[in-house]
There are 2 protein chains.
Amino acid sequence: MSHSVELLAVGTELLLGSVANTDAQLLSRELSGLGLNVYYHSVVGDNPDRLAQAVELAKSRADVLVTTGGLGPTCDDLTKRVVAQAFGRQLAYHPACAEAIRAYFAASGREMPENNLQQAWLPEGCQVLENHWGTAPGCAFHSQGRWVVMLPGPPGECLPMFREQAVPWLAQLSEGVIRSRTLRVFGWGESQVESLLRPQMDRLTNPTLAPYAKQGEVELRITAKAEDGQAAQALIAPVEREVRSVLGDLVYGTEENSLERVVLEGLKDQGLTLGTAESCTGGLLAKRMTDLPGAAAAFRGGVVSYVNEVKRQVLGVPQALLDEQGAVCEEVARAMAQGARRVLGCDLAVATTGVAGPDSDEWGNPVGLVYVALAAQSGCWVRKLNLAGAREGRDRVRTLAASHGLDMVRRWLAGLEIVPEL
Amino acid sequence: MSHSVELLAVGTELLLGSVANTDAQLLSRELSGLGLNVYYHSVVGDNPDRLAQAVELAKSRADVLVTTGGLGPTCDDLTKRVVAQAFGRQLAYHPACAEAIRAYFAASGREMPENNLQQAWLPEGCQVLENHWGTAPGCAFHSQGRWVVMLPGPPGECLPMFREQAVPWLAQLSEGVIRSRTLRVFGWGESQVESLLRPQMDRLTNPTLAPYAKQGEVELRITAKAEDGQAAQALIAPVEREVRSVLGDLVYGTEENSLERVVLEGLKDQGLTLGTAESCTGGLLAKRMTDLPGAAAAFRGGVVSYVNEVKRQVLGVPQALLDEQGAVCEEVARAMAQGARRVLGCDLAVATTGVAGPDSDEWGNPVGLVYVALAAQSGCWVRKLNLAGAREGRDRVRTLAASHGLDMVRRWLAGLEIVPEL
């Protein structure tokens, strides 16, 4: 029987809604990957009584307790004090921790406020979890039949500390594993994907198959529980084949391979370069390409032509065209993409022009009407998109327009039809 | 005595870490604004027994229970069944809800799967909370001394439904209000801001003063509890004056006024236009400006010159300069900004060139070295930034570089020193 986990976050800022409890999300993924069942997330504020009750509750209903937050000097080390007491332990001074804290400040050239050394007090007999990303050390101990891990709150410290320091300690618990395989789909909405795969989703129990809508894309996650990684993979493989046979080339990638990453790898493989000409996406396409380290190997740059004069002067879009049809039309998208190819000296160029909203443009074009063009030496293709749908916002119109541009490049690189019927 | 709230989210996807519990964050803000004390967040999966226990627990420790998720047909209406049972109520069929669901599908032109009508079953005697953003209606009722609100899980439905439908119902509970004032600070890190304001933060209890680090900026939130909005504002005002006297012109805005919004408003007020020339930020600056509706009134566009040839050919950066000093130097930043002013025909232009990482460049410049230039008719200014710090990532270097560019424009527009000592 596998272990049950409760994640307990401590911090009034969570209860005021100042920040989201992203630690819970990130740690849940990691813990599931270790084969542990996360059954509860809880959040309490910086209040010793309510925290003490929450710890007692967690002891009663889970055998692994992972706390986040409440470790630093500004919160008076609340979590450590309360959790130690709940398990009948004293706090003890750890000189090595004090040294690490001093060294952290020395390395960053800042003076150390004396109260930082408070962080060197940890429950007696615990395993110290070193913090190489901040000052507050964490700790782990086994007591009264429970496994306890305490981590600092900032996600930039919590997650790497968990992976580097807590996972080896938790390895003593794992029986069996959970493995996931993610297939990434672009072109259809979640409900379309779901309706096509409904039979599989209803039939399957191990592995399970579940869709997640994300930024206008759909992630399909196949999740298997098994004795070891190999057995889990053996459960996943036939389901992946089945899904791919249903969705075909709408599956563009796996795991964390975003559209932009697939495009960058494809360009590098074929020794080609890309450029952009953006109106309604306003730099988002270029930004997404350059989010990737090493983008300069294939991405040359872009022109954000947010006003018509820049479309004309920098990209060479004919003034007559802009006068006659306005900026949002197929011909302007085409001229922008071809202009970008020429001006930027790239093999492929993507252009976007459309109405991101919230208002329709002066030509009466509706919010969500976007033309996306791809220019290559061999030709030029345009997708006309209507992204208006039910309450699509400005961000979503822009994100989807940029994704369509990337998808056109992906399909061109893969030799697929560039404007398929969807 | 003010009411205590527990937020209970239902959904296995939360426990697997597939999504973050953003509903809890958004609703916590709203509920605090109503003067209610959110004391607990809880999450359980799609499991009737654990959900039933969580509902009993919430009944025992809070007087307002707000649930999110578990309302739709795909989850078998788990939350409604379990919560109704915990309060000894039957589910009853609401014909008006069934009509609304039918109408929702008719309006979107999709066929309605029959199981959607299950959503028209709600606890007897409840107040129906209409869902104009999706299909699952919510509900609210008062029973056994507790106030219960059930909302659907998708944030795009949960939050607007809460505001439009649940807030009027919850108005019966509110005694006193919580009001916040947010001051936005750019230029100093959280620890610097905190150390300067430590006396105030330690002294104040109502209002409280708390810093939140966010995307390289610091938000200072002043939060007051009082009988009504006016009394709360009267508590906040003197603290705001005190903070402003300490931080001076590093306070660039209030509430949700981002740097880009302050810049856009300032440009529009003065009838000036802006353009960008981006290397390391790769389109992020332009993207942030065009995130704002109506940006075209002052933002003309940009050039993303990710490779040197584009810097030379499009922006006119001298080849000799690139050969002698490489792309990451003060002179190239200057030439890019001046080139962008000319090419884009704008009054002000911002340029970025630097090493975003993860690796240093071929000239041996370290990750995090960035030059940001502002060109105007009256002159050209450059900030040299070292954003390497402790494990700053690529995203953070890019975000901070873009923010520095926007901050330079803000300070130019406000007649402040453009490269202050920080």
# chains A, B, ... in the order shown; residues from 1 in each chain; ligands from 1
>>> interface_residues(of="chain B", to="chain A", cutoff="6 Å", atoms="only C-alpha atoms", output="PyMOL selection string")
chain B and resi 15-17+20+22+25+28-29+38+40-44+282-284+286-287+290+300-307
>>> residues_around(residues="Glu175 of chain B", least_positions_apart="3", cutoff="12 Å", atoms="only C-alpha atoms", output="ChimeraX atom specification")
/B:1-4,32-37,170-172,178,225-229
>>> write_last_selection(atoms="all heavy atoms", output="tab-separated table (two decimals), in the first residue's frame")
chain	number	residue	atom	x	y	z
B	1	MET	N	-17.64	40.40	15.70
B	1	MET	CA	-16.59	39.44	15.29
B	1	MET	C	-16.83	39.03	13.86
B	1	MET	O	-17.94	38.79	13.43
B	1	MET	CB	-16.63	38.31	16.32
B	1	MET	CG	-16.50	36.86	15.87
B	1	MET	SD	-14.86	36.16	15.99
B	1	MET	CE	-14.90	35.10	14.55
B	2	SER	N	-15.75	39.02	13.10
B	2	SER	CA	-15.93	38.84	11.66
B	2	SER	C	-15.92	37.35	11.30
B	2	SER	O	-15.45	36.51	12.06
B	2	SER	CB	-14.85	39.64	10.95
B	2	SER	OG	-14.14	38.89	10.06
B	3	HIS	N	-16.46	37.04	10.15
B	3	HIS	CA	-16.65	35.64	9.78
B	3	HIS	C	-15.37	34.99	9.29
B	3	HIS	O	-14.51	35.64	8.71
B	3	HIS	CB	-17.71	35.55	8.69
B	3	HIS	CG	-19.07	35.92	9.19
B	3	HIS	ND1	-19.83	35.07	9.94
B	3	HIS	CD2	-19.78	37.06	9.06
B	3	HIS	CE1	-20.97	35.66	10.24
B	3	HIS	NE2	-20.97	36.88	9.72
B	4	SER	N	-15.28	33.68	9.52
B	4	SER	CA	-14.12	32.92	9.06
B	4	SER	C	-14.53	32.06	7.88
B	4	SER	O	-15.63	31.50	7.86
B	4	SER	CB	-13.59	32.05	10.19
B	4	SER	OG	-14.58	31.13	10.59
B	32	SER	N	-11.36	38.70	1.15
B	32	SER	CA	-10.73	39.64	2.07
B	32	SER	C	-11.28	41.04	1.84
B	32	SER	O	-11.51	41.79	2.79
B	32	SER	CB	-9.21	39.65	1.86
B	32	SER	OG	-8.66	38.39	2.12
B	33	GLY	N	-11.49	41.37	0.58
B	33	GLY	CA	-12.05	42.67	0.24
B	33	GLY	C	-13.44	42.87	0.81
B	33	GLY	O	-13.89	44.01	1.00
B	34	LEU	N	-14.15	41.77	1.06
B	34	LEU	CA	-15.48	41.86	1.66
B	34	LEU	C	-15.41	41.92	3.19
B	34	LEU	O	-16.44	41.96	3.87
B	34	LEU	CB	-16.34	40.65	1.26
B	34	LEU	CG	-16.66	40.50	-0.22
B	34	LEU	CD1	-17.36	39.17	-0.47
B	34	LEU	CD2	-17.53	41.66	-0.69
B	35	GLY	N	-14.20	41.87	3.73
B	35	GLY	CA	-14.05	41.92	5.18
B	35	GLY	C	-14.16	40.56	5.85
B	35	GLY	O	-14.30	40.47	7.07
B	36	LEU	N	-14.10	39.50	5.06
B	36	LEU	CA	-14.16	38.15	5.65
B	36	LEU	C	-12.73	37.64	5.84
B	36	LEU	O	-11.84	37.94	5.06
B	36	LEU	CB	-14.95	37.23	4.72
B	36	LEU	CG	-16.38	37.69	4.41
B	36	LEU	CD1	-17.01	36.82	3.34
B	36	LEU	CD2	-17.22	37.64	5.69
B	37	ASN	N	-12.54	36.84	6.89
B	37	ASN	CA	-11.21	36.29	7.18
B	37	ASN	C	-11.07	34.91	6.57
B	37	ASN	O	-11.71	33.96	7.04
B	37	ASN	CB	-11.00	36.16	8.69
B	37	ASN	CG	-10.95	37.51	9.36
B	37	ASN	OD1	-10.27	38.41	8.89
B	37	ASN	ND2	-11.70	37.63	10.45
B	170	LEU	N	-23.42	37.14	-0.38
B	170	LEU	CA	-22.56	37.20	0.81
B	170	LEU	C	-22.64	38.53	1.53
B	170	LEU	O	-22.16	38.66	2.65
B	170	LEU	CB	-21.10	36.92	0.41
B	170	LEU	CG	-20.76	35.48	0.06
B	170	LEU	CD1	-19.39	35.41	-0.60
B	170	LEU	CD2	-20.78	34.60	1.32
B	171	ALA	N	-23.24	39.53	0.86
B	171	ALA	CA	-23.30	40.87	1.47
B	171	ALA	C	-23.96	40.82	2.84
B	171	ALA	O	-23.64	41.61	3.72
B	171	ALA	CB	-24.04	41.83	0.55
B	172	GLN	N	-24.87	39.85	3.05
B	172	GLN	CA	-25.54	39.72	4.35
B	172	GLN	C	-24.56	39.46	5.50
B	172	GLN	O	-24.90	39.67	6.66
B	172	GLN	CB	-26.58	38.58	4.28
B	172	GLN	CG	-25.97	37.24	3.87
B	172	GLN	CD	-27.02	36.14	3.69
B	172	GLN	OE1	-27.83	35.90	4.56
B	172	GLN	NE2	-27.01	35.49	2.54
B	178	ILE	N	-11.91	45.14	4.50
B	178	ILE	CA	-10.45	45.20	4.41
B	178	ILE	C	-10.15	45.95	3.12
B	178	ILE	O	-10.73	45.63	2.07
B	178	ILE	CB	-9.83	43.80	4.36
B	178	ILE	CG1	-10.10	43.06	5.67
B	178	ILE	CG2	-8.33	43.89	4.10
B	178	ILE	CD1	-9.52	41.67	5.71
B	225	LYS	N	-8.00	47.35	8.09
B	225	LYS	CA	-9.30	46.81	8.45
B	225	LYS	C	-10.07	47.91	9.15
B	225	LYS	O	-9.53	48.55	10.07
B	225	LYS	CB	-9.10	45.66	9.44
B	225	LYS	CG	-9.72	44.39	9.01
B	225	LYS	CD	-9.39	43.27	9.95
B	225	LYS	CE	-10.34	42.13	9.66
B	225	LYS	NZ	-9.92	40.86	10.22
B	226	ALA	N	-11.30	48.14	8.73
B	226	ALA	CA	-12.06	49.21	9.38
B	226	ALA	C	-13.54	48.97	9.17
B	226	ALA	O	-13.95	48.04	8.47
B	226	ALA	CB	-11.64	50.57	8.82
B	227	GLU	N	-14.34	49.83	9.77
B	227	GLU	CA	-15.79	49.68	9.68
B	227	GLU	C	-16.31	49.86	8.27
B	227	GLU	O	-17.23	49.19	7.84
B	227	GLU	CB	-16.47	50.70	10.60
B	227	GLU	CG	-16.80	50.13	11.95
B	227	GLU	CD	-17.59	51.12	12.79
B	227	GLU	OE1	-18.28	51.98	12.20
B	227	GLU	OE2	-17.50	51.02	14.02
B	228	ASP	N	-15.73	50.82	7.57
B	228	ASP	CA	-16.16	51.04	6.19
B	228	ASP	C	-14.98	51.51	5.36
B	228	ASP	O	-13.87	51.70	5.87
B	228	ASP	CB	-17.32	52.05	6.13
B	228	ASP	CG	-16.95	53.37	6.77
B	228	ASP	OD1	-15.76	53.76	6.67
B	228	ASP	OD2	-17.83	54.01	7.37
B	229	GLY	N	-15.24	51.65	4.07
B	229	GLY	CA	-14.16	51.99	3.15
B	229	GLY	C	-13.49	53.30	3.49
B	229	GLY	O	-12.26	53.41	3.42
>>> residues_around(residues="Arg411 of chain B", least_positions_apart="3", cutoff="10 Å", atoms="only C-alpha atoms", output="NGL selection string")
:B and (249-250 or 252 or 263 or 406-408 or 414-420)
>>> select_by_dssp(residues="segment 55-201 of chain A", states="helix (DSSP H, G or I)", output="ChimeraX atom specification")
/A:55-61,73-75,78-86,95-108,114-120,155-173,190-201
>>> closest_residue(among="B:Leu196, B:Val66, B:Ala340, B:Leu220", to="Thr182 of chain B", atoms="only C-alpha atoms")
B:Leu220
>>> atom_distance(atom1="atom CA of Arg334 of chain B", atom2="atom CA of Ala349 of chain B")
10.0 Å
>>> atom_distance(atom1="atom CA of Gly189 of chain B", atom2="atom CA of Gly248 of chain B")
15.1 Å
>>> select_by_dssp(residues="segment 256-298 of chain B", states="strand (DSSP E)", output="number ranges by chain")
B: 274-278
>>> write_last_selection(atoms="N, CA, C and O atoms", output="mmCIF file, in the first residue's frame")
data_model
loop_
_atom_site.group_PDB
_atom_site.id
_atom_site.type_symbol
_atom_site.label_atom_id
_atom_site.label_comp_id
_atom_site.auth_asym_id
_atom_site.auth_seq_id
_atom_site.Cartn_x
_atom_site.Cartn_y
_atom_site.Cartn_z
ATOM 1 N N LEU B 274 6.865 55.892 -29.150
ATOM 2 C CA LEU B 274 7.963 55.038 -28.684
ATOM 3 C C LEU B 274 8.197 53.903 -29.666
ATOM 4 O O LEU B 274 7.264 53.416 -30.303
ATOM 5 N N GLY B 275 9.461 53.498 -29.775
ATOM 6 C CA GLY B 275 9.818 52.308 -30.537
ATOM 7 C C GLY B 275 10.891 51.537 -29.794
ATOM 8 O O GLY B 275 11.447 52.023 -28.814
ATOM 9 N N THR B 276 11.173 50.319 -30.246
ATOM 10 C CA THR B 276 12.136 49.476 -29.544
ATOM 11 C C THR B 276 13.118 48.836 -30.519
ATOM 12 O O THR B 276 12.804 48.625 -31.689
ATOM 13 N N ALA B 277 14.283 48.539 -29.997
ATOM 14 C CA ALA B 277 15.291 47.767 -30.734
ATOM 15 C C ALA B 277 15.817 46.741 -29.751
ATOM 16 O O ALA B 277 16.466 47.096 -28.779
ATOM 17 N N GLU B 278 15.499 45.486 -29.987
ATOM 18 C CA GLU B 278 15.781 44.490 -28.959
ATOM 19 C C GLU B 278 16.716 43.401 -29.441
ATOM 20 O O GLU B 278 16.483 42.789 -30.478
#
>>> residues_around(residues="Gln85 of chain A", least_positions_apart="2", cutoff="12 Å", atoms="only C-alpha atoms", output="ChimeraX atom specification")
/A:48-49,51-53,55-56,78-83,87-91,122-124,143
>>> write_last_selection(atoms="N, CA and C atoms", output="JSON list (two decimals), in the first residue's frame")
[["chain", "number", "residue", "atom", "x", "y", "z"],
["A", 48, "PRO", "N", 0.03, 30.41, 15.12],
["A", 48, "PRO", "CA", 0.53, 29.19, 15.75],
["A", 48, "PRO", "C", -0.58, 28.19, 16.09],
["A", 49, "ASP", "N", -1.73, 28.66, 16.58],
["A", 49, "ASP", "CA", -2.77, 27.72, 17.00],
["A", 49, "ASP", "C", -3.35, 26.98, 15.79],
["A", 51, "LEU", "N", -2.01, 26.60, 12.94],
["A", 51, "LEU", "CA", -0.98, 25.74, 12.36],
["A", 51, "LEU", "C", -0.85, 24.45, 13.16],
["A", 52, "ALA", "N", -0.85, 24.56, 14.49],
["A", 52, "ALA", "CA", -0.72, 23.37, 15.33],
["A", 52, "ALA", "C", -1.86, 22.40, 15.06],
["A", 53, "GLN", "N", -3.08, 22.94, 14.93],
["A", 53, "GLN", "CA", -4.22, 22.06, 14.62],
["A", 53, "GLN", "C", -4.07, 21.41, 13.25],
["A", 55, "VAL", "N", -1.32, 20.68, 11.76],
["A", 55, "VAL", "CA", -0.28, 19.63, 11.84],
["A", 55, "VAL", "C", -0.87, 18.37, 12.48],
["A", 56, "GLU", "N", -1.65, 18.55, 13.54],
["A", 56, "GLU", "CA", -2.28, 17.38, 14.18],
["A", 56, "GLU", "C", -3.18, 16.66, 13.19],
["A", 78, "LEU", "N", 8.12, 30.12, 12.48],
["A", 78, "LEU", "CA", 6.87, 29.56, 12.97],
["A", 78, "LEU", "C", 6.74, 28.06, 12.72],
["A", 79, "THR", "N", 6.95, 27.65, 11.47],
["A", 79, "THR", "CA", 6.70, 26.26, 11.11],
["A", 79, "THR", "C", 7.58, 25.30, 11.90],
["A", 80, "LYS", "N", 8.88, 25.66, 11.99],
["A", 80, "LYS", "CA", 9.79, 24.76, 12.70],
["A", 80, "LYS", "C", 9.38, 24.57, 14.15],
["A", 81, "ARG", "N", 9.04, 25.68, 14.81],
["A", 81, "ARG", "CA", 8.67, 25.59, 16.22],
["A", 81, "ARG", "C", 7.44, 24.73, 16.43],
["A", 82, "VAL", "N", 6.42, 24.99, 15.60],
["A", 82, "VAL", "CA", 5.15, 24.29, 15.80],
["A", 82, "VAL", "C", 5.24, 22.82, 15.42],
["A", 83, "VAL", "N", 5.90, 22.53, 14.32],
["A", 83, "VAL", "CA", 6.01, 21.13, 13.88],
["A", 83, "VAL", "C", 6.87, 20.35, 14.86],
["A", 87, "PHE", "N", 5.71, 16.98, 17.31],
["A", 87, "PHE", "CA", 6.35, 15.67, 17.34],
["A", 87, "PHE", "C", 7.25, 15.52, 18.57],
["A", 88, "GLY", "N", 7.05, 16.40, 19.56],
["A", 88, "GLY", "CA", 7.77, 16.27, 20.83],
["A", 88, "GLY", "C", 9.27, 16.48, 20.71],
["A", 89, "ARG", "N", 9.69, 17.34, 19.78],
["A", 89, "ARG", "CA", 11.13, 17.58, 19.63],
["A", 89, "ARG", "C", 11.51, 19.01, 20.01],
["A", 90, "GLN", "N", 12.74, 19.18, 20.48],
["A", 90, "GLN", "CA", 13.29, 20.51, 20.72],
["A", 90, "GLN", "C", 13.98, 21.00, 19.44],
["A", 91, "LEU", "N", 14.19, 22.30, 19.37],
["A", 91, "LEU", "CA", 15.05, 22.83, 18.31],
["A", 91, "LEU", "C", 16.48, 22.85, 18.81],
["A", 122, "LEU", "N", 17.15, 23.97, 14.22],
["A", 122, "LEU", "CA", 16.30, 22.99, 13.55],
["A", 122, "LEU", "C", 15.95, 21.87, 14.53],
["A", 123, "PRO", "N", 14.90, 21.12, 14.24],
["A", 123, "PRO", "CA", 14.51, 20.05, 15.19],
["A", 123, "PRO", "C", 15.67, 19.10, 15.46],
["A", 124, "GLU", "N", 15.83, 18.73, 16.71],
["A", 124, "GLU", "CA", 16.95, 17.84, 17.08],
["A", 124, "GLU", "C", 16.82, 16.51, 16.32],
["A", 143, "SER", "N", 9.26, 10.37, 12.62],
["A", 143, "SER", "CA", 8.88, 10.36, 14.03],
["A", 143, "SER", "C", 7.44, 9.92, 14.15]]
>>> residues_around(residues="Ala140 of chain B", least_positions_apart="5", cutoff="12 Å", atoms="only C-alpha atoms", output="PyMOL selection string")
chain B and resi 64-67+80+83-84+122-130+146-151+161-162+165-170
>>> write_last_selection(atoms="C-alpha atoms", output="PDB file, in the first residue's frame")
ATOM      1  CA  VAL B  64     -18.407  30.222   5.575  1.00  0.00           C
ATOM      2  CA  LEU B  65     -17.541  27.374   3.214  1.00  0.00           C
ATOM      3  CA  VAL B  66     -16.791  28.138  -0.422  1.00  0.00           C
ATOM      4  CA  THR B  67     -16.197  25.144  -2.672  1.00  0.00           C
ATOM      5  CA  LYS B  80     -23.081  18.939  -4.892  1.00  0.00           C
ATOM      6  CA  VAL B  83     -22.102  18.872   0.407  1.00  0.00           C
ATOM      7  CA  ALA B  84     -25.884  18.537   0.194  1.00  0.00           C
ATOM      8  CA  LEU B 122     -29.038  21.463  -7.009  1.00  0.00           C
ATOM      9  CA  PRO B 123     -29.580  21.309  -3.233  1.00  0.00           C
ATOM     10  CA  GLU B 124     -33.220  21.952  -2.369  1.00  0.00           C
ATOM     11  CA  GLY B 125     -33.993  25.449  -1.191  1.00  0.00           C
ATOM     12  CA  CYS B 126     -30.727  26.874  -2.433  1.00  0.00           C
ATOM     13  CA  GLN B 127     -30.140  30.141  -4.204  1.00  0.00           C
ATOM     14  CA  VAL B 128     -29.012  29.320  -7.754  1.00  0.00           C
ATOM     15  CA  LEU B 129     -25.866  31.127  -8.882  1.00  0.00           C
ATOM     16  CA  GLU B 130     -26.183  31.518 -12.636  1.00  0.00           C
ATOM     17  CA  ARG B 146     -23.068  27.904   8.140  1.00  0.00           C
ATOM     18  CA  TRP B 147     -23.043  29.796   4.840  1.00  0.00           C
ATOM     19  CA  VAL B 148     -22.198  27.620   1.857  1.00  0.00           C
ATOM     20  CA  VAL B 149     -21.283  28.705  -1.673  1.00  0.00           C
ATOM     21  CA  MET B 150     -20.443  26.262  -4.478  1.00  0.00           C
ATOM     22  CA  LEU B 151     -18.704  27.446  -7.628  1.00  0.00           C
ATOM     23  CA  MET B 161     -19.585  34.087 -11.097  1.00  0.00           C
ATOM     24  CA  PHE B 162     -18.285  34.887  -7.660  1.00  0.00           C
ATOM     25  CA  GLN B 165     -23.629  36.116  -8.286  1.00  0.00           C
ATOM     26  CA  ALA B 166     -22.037  35.239  -4.946  1.00  0.00           C
ATOM     27  CA  VAL B 167     -20.984  38.676  -3.701  1.00  0.00           C
ATOM     28  CA  PRO B 168     -24.559  40.024  -3.468  1.00  0.00           C
ATOM     29  CA  TRP B 169     -25.561  36.914  -1.548  1.00  0.00           C
ATOM     30  CA  LEU B 170     -22.557  37.196   0.807  1.00  0.00           C
TER      31      LEU B 170
END
